[in-house]
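Structure file upload-v5.cif; described as mmCIF, N, CA and C atoms and all ligand atoms; chains and numbers go by the auth columns.
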data_protein
loop_
_atom_site.group_PDB
_atom_site.id
_atom_site.type_symbol
_atom_site.label_atom_id
_atom_site.label_comp_id
_atom_site.label_asym_id
_atom_site.label_seq_id
_atom_site.Cartn_x
_atom_site.Cartn_y
_atom_site.Cartn_z
_atom_site.B_iso_or_equiv
_atom_site.auth_seq_id
_atom_site.auth_asym_id
ATOM 1 N N MET A 1 -16.311 -7.105 -6.162 0.00 1 S
ATOM 2 C CA MET A 1 -15.705 -5.782 -6.206 0.00 1 S
ATOM 3 C C MET A 1 -15.917 -5.024 -4.891 0.00 1 S
ATOM 4 N N SER A 2 -17.062 -5.277 -4.218 0.00 2 S
ATOM 5 C CA SER A 2 -17.287 -4.571 -2.957 0.00 2 S
ATOM 6 C C SER A 2 -16.280 -5.036 -1.908 0.00 2 S
ATOM 7 N N ASP A 3 -15.842 -6.293 -2.031 0.00 3 S
ATOM 8 C CA ASP A 3 -14.826 -6.804 -1.105 0.00 3 S
ATOM 9 C C ASP A 3 -13.520 -6.037 -1.291 0.00 3 S
ATOM 10 N N MET A 4 -13.165 -5.759 -2.548 0.00 4 S
ATOM 11 C CA MET A 4 -11.956 -5.006 -2.831 0.00 4 S
ATOM 12 C C MET A 4 -12.063 -3.591 -2.254 0.00 4 S
ATOM 13 N N LYS A 5 -13.216 -2.988 -2.396 0.00 5 S
ATOM 14 C CA LYS A 5 -13.402 -1.646 -1.834 0.00 5 S
ATOM 15 C C LYS A 5 -13.266 -1.673 -0.321 0.00 5 S
ATOM 16 N N ALA A 6 -13.811 -2.709 0.294 0.00 6 S
ATOM 17 C CA ALA A 6 -13.710 -2.838 1.750 0.00 6 S
ATOM 18 C C ALA A 6 -12.248 -2.969 2.158 0.00 6 S
ATOM 19 N N GLN A 7 -11.470 -3.704 1.364 0.00 7 S
ATOM 20 C CA GLN A 7 -10.052 -3.882 1.683 0.00 7 S
ATOM 21 C C GLN A 7 -9.292 -2.569 1.526 0.00 7 S
ATOM 22 N N LEU A 8 -9.614 -1.829 0.491 0.00 8 S
ATOM 23 C CA LEU A 8 -8.949 -0.536 0.294 0.00 8 S
ATOM 24 C C LEU A 8 -9.322 0.428 1.415 0.00 8 S
ATOM 25 N N LYS A 9 -10.569 0.363 1.845 0.00 9 S
ATOM 26 C CA LYS A 9 -11.012 1.208 2.942 0.00 9 S
ATOM 27 C C LYS A 9 -10.232 0.843 4.205 0.00 9 S
ATOM 28 N N ALA A 10 -10.085 -0.454 4.445 0.00 10 S
ATOM 29 C CA ALA A 10 -9.330 -0.913 5.607 0.00 10 S
ATOM 30 C C ALA A 10 -7.898 -0.414 5.531 0.00 10 S
ATOM 31 N N ALA A 11 -7.321 -0.448 4.329 0.00 11 S
ATOM 32 C CA ALA A 11 -5.945 0.013 4.152 0.00 11 S
ATOM 33 C C ALA A 11 -5.829 1.497 4.481 0.00 11 S
ATOM 34 N N ARG A 12 -6.839 2.261 4.068 0.00 12 S
ATOM 35 C CA ARG A 12 -6.782 3.700 4.335 0.00 12 S
ATOM 36 C C ARG A 12 -6.961 4.007 5.821 0.00 12 S
ATOM 37 N N GLU A 13 -7.653 3.107 6.517 0.00 13 S
ATOM 38 C CA GLU A 13 -7.885 3.347 7.939 0.00 13 S
ATOM 39 C C GLU A 13 -6.729 2.855 8.809 0.00 13 S
ATOM 40 N N CYS A 14 -5.796 2.136 8.206 0.00 14 S
ATOM 41 C CA CYS A 14 -4.630 1.668 8.946 0.00 14 S
ATOM 42 C C CYS A 14 -3.531 2.718 8.783 0.00 14 S
ATOM 43 N N PRO A 15 -3.021 3.272 9.879 0.00 15 S
ATOM 44 C CA PRO A 15 -2.016 4.344 9.777 0.00 15 S
ATOM 45 C C PRO A 15 -0.770 3.902 9.027 0.00 15 S
ATOM 46 N N GLU A 16 -0.372 2.651 9.241 0.00 16 S
ATOM 47 C CA GLU A 16 0.826 2.143 8.564 0.00 16 S
ATOM 48 C C GLU A 16 0.588 2.045 7.057 0.00 16 S
ATOM 49 N N CYS A 17 -0.553 1.492 6.667 0.00 17 S
ATOM 50 C CA CYS A 17 -0.883 1.401 5.242 0.00 17 S
ATOM 51 C C CYS A 17 -0.976 2.795 4.625 0.00 17 S
ATOM 52 N N SER A 18 -1.616 3.711 5.327 0.00 18 S
ATOM 53 C CA SER A 18 -1.771 5.066 4.810 0.00 18 S
ATOM 54 C C SER A 18 -0.417 5.705 4.580 0.00 18 S
ATOM 55 N N ALA A 19 0.473 5.545 5.550 0.00 19 S
ATOM 56 C CA ALA A 19 1.807 6.133 5.446 0.00 19 S
ATOM 57 C C ALA A 19 2.555 5.536 4.261 0.00 19 S
ATOM 58 N N LEU A 20 2.452 4.213 4.105 0.00 20 S
ATOM 59 C CA LEU A 20 3.178 3.553 3.019 0.00 20 S
ATOM 60 C C LEU A 20 2.563 3.901 1.667 0.00 20 S
ATOM 61 N N LEU A 21 1.239 3.993 1.626 0.00 21 S
ATOM 62 C CA LEU A 21 0.586 4.389 0.375 0.00 21 S
ATOM 63 C C LEU A 21 1.000 5.806 -0.014 0.00 21 S
ATOM 64 N N ALA A 22 1.107 6.677 0.985 0.00 22 S
ATOM 65 C CA ALA A 22 1.535 8.052 0.716 0.00 22 S
ATOM 66 C C ALA A 22 2.964 8.066 0.175 0.00 22 S
ATOM 67 N N MET A 23 3.811 7.181 0.723 0.00 23 S
ATOM 68 C CA MET A 23 5.204 7.083 0.248 0.00 23 S
ATOM 69 C C MET A 23 5.243 6.642 -1.203 0.00 23 S
ATOM 70 N N VAL A 24 4.427 5.627 -1.532 0.00 24 S
ATOM 71 C CA VAL A 24 4.370 5.140 -2.917 0.00 24 S
ATOM 72 C C VAL A 24 3.924 6.270 -3.839 0.00 24 S
ATOM 73 N N ASP A 25 2.888 6.970 -3.418 0.00 25 S
ATOM 74 C CA ASP A 25 2.332 8.079 -4.191 0.00 25 S
ATOM 75 C C ASP A 25 3.355 9.166 -4.459 0.00 25 S
ATOM 76 N N LYS A 26 4.020 9.578 -3.396 0.00 26 S
ATOM 77 C CA LYS A 26 5.007 10.646 -3.475 0.00 26 S
ATOM 78 C C LYS A 26 6.155 10.236 -4.398 0.00 26 S
ATOM 79 N N ALA A 27 6.654 9.019 -4.205 0.00 27 S
ATOM 80 C CA ALA A 27 7.759 8.524 -5.026 0.00 27 S
ATOM 81 C C ALA A 27 7.341 8.448 -6.491 0.00 27 S
ATOM 82 N N ALA A 28 6.107 8.013 -6.736 0.00 28 S
ATOM 83 C CA ALA A 28 5.621 7.910 -8.112 0.00 28 S
ATOM 84 C C ALA A 28 5.547 9.295 -8.754 0.00 28 S
ATOM 85 N N ARG A 29 5.090 10.261 -7.986 0.00 29 S
ATOM 86 C CA ARG A 29 4.986 11.634 -8.508 0.00 29 S
ATOM 87 C C ARG A 29 6.359 12.202 -8.828 0.00 29 S
ATOM 88 N N GLU A 30 7.347 11.783 -8.022 0.00 30 S
ATOM 89 C CA GLU A 30 8.700 12.310 -8.227 0.00 30 S
ATOM 90 C C GLU A 30 9.529 11.441 -9.170 0.00 30 S
ATOM 91 N N TYR A 31 8.901 10.417 -9.738 0.00 31 S
ATOM 92 C CA TYR A 31 9.583 9.483 -10.643 0.00 31 S
ATOM 93 C C TYR A 31 10.800 8.863 -9.988 0.00 31 S
ATOM 94 N N ASP A 32 10.675 8.647 -8.673 0.00 32 S
ATOM 95 C CA ASP A 32 11.769 8.010 -7.936 0.00 32 S
ATOM 96 C C ASP A 32 11.492 6.511 -7.868 0.00 32 S
ATOM 97 N N ARG A 33 11.974 5.810 -8.893 0.00 33 S
ATOM 98 C CA ARG A 33 11.631 4.393 -9.031 0.00 33 S
ATOM 99 C C ARG A 33 12.110 3.545 -7.856 0.00 33 S
ATOM 100 N N SER A 34 13.293 3.820 -7.344 0.00 34 S
ATOM 101 C CA SER A 34 13.807 2.969 -6.269 0.00 34 S
ATOM 102 C C SER A 34 13.016 3.199 -4.981 0.00 34 S
ATOM 103 N N ALA A 35 12.671 4.467 -4.708 0.00 35 S
ATOM 104 C CA ALA A 35 11.865 4.756 -3.516 0.00 35 S
ATOM 105 C C ALA A 35 10.467 4.157 -3.664 0.00 35 S
ATOM 106 N N GLU A 36 9.945 4.197 -4.888 0.00 36 S
ATOM 107 C CA GLU A 36 8.615 3.660 -5.143 0.00 36 S
ATOM 108 C C GLU A 36 8.604 2.141 -4.915 0.00 36 S
ATOM 109 N N THR A 37 9.585 1.465 -5.475 0.00 37 S
ATOM 110 C CA THR A 37 9.685 0.023 -5.297 0.00 37 S
ATOM 111 C C THR A 37 9.853 -0.325 -3.830 0.00 37 S
ATOM 112 N N ASP A 38 10.688 0.423 -3.149 0.00 38 S
ATOM 113 C CA ASP A 38 10.945 0.202 -1.727 0.00 38 S
ATOM 114 C C ASP A 38 9.650 0.324 -0.920 0.00 38 S
ATOM 115 N N ALA A 39 8.894 1.368 -1.190 0.00 39 S
ATOM 116 C CA ALA A 39 7.643 1.601 -0.465 0.00 39 S
ATOM 117 C C ALA A 39 6.637 0.497 -0.763 0.00 39 S
ATOM 118 N N ARG A 40 6.592 0.052 -2.011 0.00 40 S
ATOM 119 C CA ARG A 40 5.660 -1.018 -2.378 0.00 40 S
ATOM 120 C C ARG A 40 6.011 -2.310 -1.678 0.00 40 S
ATOM 121 N N VAL A 41 7.310 -2.604 -1.598 0.00 41 S
ATOM 122 C CA VAL A 41 7.756 -3.824 -0.921 0.00 41 S
ATOM 123 C C VAL A 41 7.354 -3.761 0.550 0.00 41 S
ATOM 124 N N LYS A 42 7.574 -2.605 1.170 0.00 42 S
ATOM 125 C CA LYS A 42 7.219 -2.444 2.584 0.00 42 S
ATOM 126 C C LYS A 42 5.717 -2.587 2.786 0.00 42 S
ATOM 127 N N LEU A 43 4.957 -2.023 1.859 0.00 43 S
ATOM 128 C CA LEU A 43 3.503 -2.088 1.958 0.00 43 S
ATOM 129 C C LEU A 43 3.018 -3.537 1.845 0.00 43 S
ATOM 130 N N ARG A 44 3.557 -4.260 0.866 0.00 44 S
ATOM 131 C CA ARG A 44 3.170 -5.665 0.691 0.00 44 S
ATOM 132 C C ARG A 44 3.521 -6.477 1.928 0.00 44 S
ATOM 133 N N ARG A 45 4.727 -6.256 2.441 0.00 45 S
ATOM 134 C CA ARG A 45 5.191 -7.002 3.602 0.00 45 S
ATOM 135 C C ARG A 45 4.291 -6.705 4.809 0.00 45 S
ATOM 136 N N HIS A 46 3.982 -5.424 4.980 0.00 46 S
ATOM 137 C CA HIS A 46 3.120 -5.014 6.088 0.00 46 S
ATOM 138 C C HIS A 46 1.722 -5.621 5.932 0.00 46 S
ATOM 139 N N ALA A 47 1.173 -5.560 4.738 0.00 47 S
ATOM 140 C CA ALA A 47 -0.183 -6.071 4.503 0.00 47 S
ATOM 141 C C ALA A 47 -0.247 -7.561 4.811 0.00 47 S
ATOM 142 N N ARG A 48 0.781 -8.272 4.402 0.00 48 S
ATOM 143 C CA ARG A 48 0.810 -9.715 4.615 0.00 48 S
ATOM 144 C C ARG A 48 0.947 -10.024 6.105 0.00 48 S
ATOM 145 N N ALA A 49 1.830 -9.275 6.771 0.00 49 S
ATOM 146 C CA ALA A 49 2.107 -9.552 8.182 0.00 49 S
ATOM 147 C C ALA A 49 0.970 -9.090 9.090 0.00 49 S
ATOM 148 N N GLU A 50 0.459 -7.887 8.822 0.00 50 S
ATOM 149 C CA GLU A 50 -0.527 -7.299 9.744 0.00 50 S
ATOM 150 C C GLU A 50 -1.967 -7.593 9.352 0.00 50 S
ATOM 151 N N HIS A 51 -2.229 -7.755 8.064 0.00 51 S
ATOM 152 C CA HIS A 51 -3.605 -7.944 7.634 0.00 51 S
ATOM 153 C C HIS A 51 -3.845 -9.339 7.075 0.00 51 S
ATOM 154 N N GLY A 52 -2.786 -10.108 6.941 0.00 52 S
ATOM 155 C CA GLY A 52 -2.927 -11.495 6.504 0.00 52 S
ATOM 156 C C GLY A 52 -3.379 -11.650 5.066 0.00 52 S
ATOM 157 N N ARG A 53 -3.123 -10.636 4.242 0.00 53 S
ATOM 158 C CA ARG A 53 -3.532 -10.710 2.836 0.00 53 S
ATOM 159 C C ARG A 53 -2.744 -9.706 2.007 0.00 53 S
ATOM 160 N N GLU A 54 -2.799 -9.968 0.681 0.00 54 S
ATOM 161 C CA GLU A 54 -2.223 -9.006 -0.235 0.00 54 S
ATOM 162 C C GLU A 54 -3.189 -7.841 -0.364 0.00 54 S
ATOM 163 N N LEU A 55 -2.679 -6.664 -0.503 0.00 55 S
ATOM 164 C CA LEU A 55 -3.570 -5.544 -0.796 0.00 55 S
ATOM 165 C C LEU A 55 -3.964 -5.621 -2.256 0.00 55 S
ATOM 166 N N PRO A 56 -5.236 -5.426 -2.558 0.00 56 S
ATOM 167 C CA PRO A 56 -5.721 -5.535 -3.934 0.00 56 S
ATOM 168 C C PRO A 56 -5.435 -4.273 -4.720 0.00 56 S
ATOM 169 N N LEU A 57 -4.204 -3.838 -4.704 0.00 57 S
ATOM 170 C CA LEU A 57 -3.871 -2.616 -5.426 0.00 57 S
ATOM 171 C C LEU A 57 -3.439 -2.962 -6.830 0.00 57 S
ATOM 172 N N PRO A 58 -3.673 -2.077 -7.758 0.00 58 S
ATOM 173 C CA PRO A 58 -3.435 -2.355 -9.176 0.00 58 S
ATOM 174 C C PRO A 58 -1.974 -2.294 -9.566 0.00 58 S
ATOM 175 N N TRP A 59 -1.113 -2.957 -8.778 0.00 59 S
ATOM 176 C CA TRP A 59 0.254 -3.066 -9.210 0.00 59 S
ATOM 177 C C TRP A 59 0.629 -4.515 -9.150 0.00 59 S
HETATM 178 ZN ZN ZN B . -2.033 -1.790 7.386 0.00 1 U
#

What do you get writing this file as structure tokens?
Ligand SMILES: [Zn+2]
Amino acid sequence: MSDMKAQLKAARECPECSALLAMVDKAAREYDRSAETDARVKLRRHARAEHGRELPLPW
């Protein structure tokens, strides 16, 4: 579990991850399903490309 926390911390310290996480958050709050899905796809793609792993987020 500490590894997961370290990964989430890394995600928060990455400006791109932070921006995408904020997009997911905002879209979720606004019940904008298509924007939410779009942001999640971008986040996954970015995490895989830039961090070489899936983000351990609960989705
Ligand atoms: Zn990142």

Ligand ZN 1 (chain U) neighbours within 8 Å using only N, CA and C atoms and all ligand atoms, as a ChimeraX atom specification: /S:10-19,43,46-48,50-51

Distance of atom C of Lys5 in chain S from atom N of Ala49 in chain S, expressed in Å to one decimal place: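 Atom-to-atom, atom N of Ala49 in chain S to atom C of Lys5 in chain S, that is 18.3 Å.
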
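Counting only C-alpha atoms and comparing S:Val41, S:Glu36, S:Lys9, S:Arg53, the residue that lies closest to Met23 in chain S is S:Glu36.
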
Computed interatomic separation between CA of Asp25 in chain S and CA of Arg45 in chain S (Å):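 CA of Arg45 in chain S lies 17.2 Å from CA of Asp25 in chain S.
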
Separation of CA of Gly52 in chain S from atom N of Arg33 in chain S in Å: 27.5 Å

Matched chain/residue IDs from the PyMOL selection byres (((chain S and resi 24 and name CA) around 8) and not hetatm and name CA), as a ChimeraX atom specification: /S:20-23,25-28,35-37,39-40
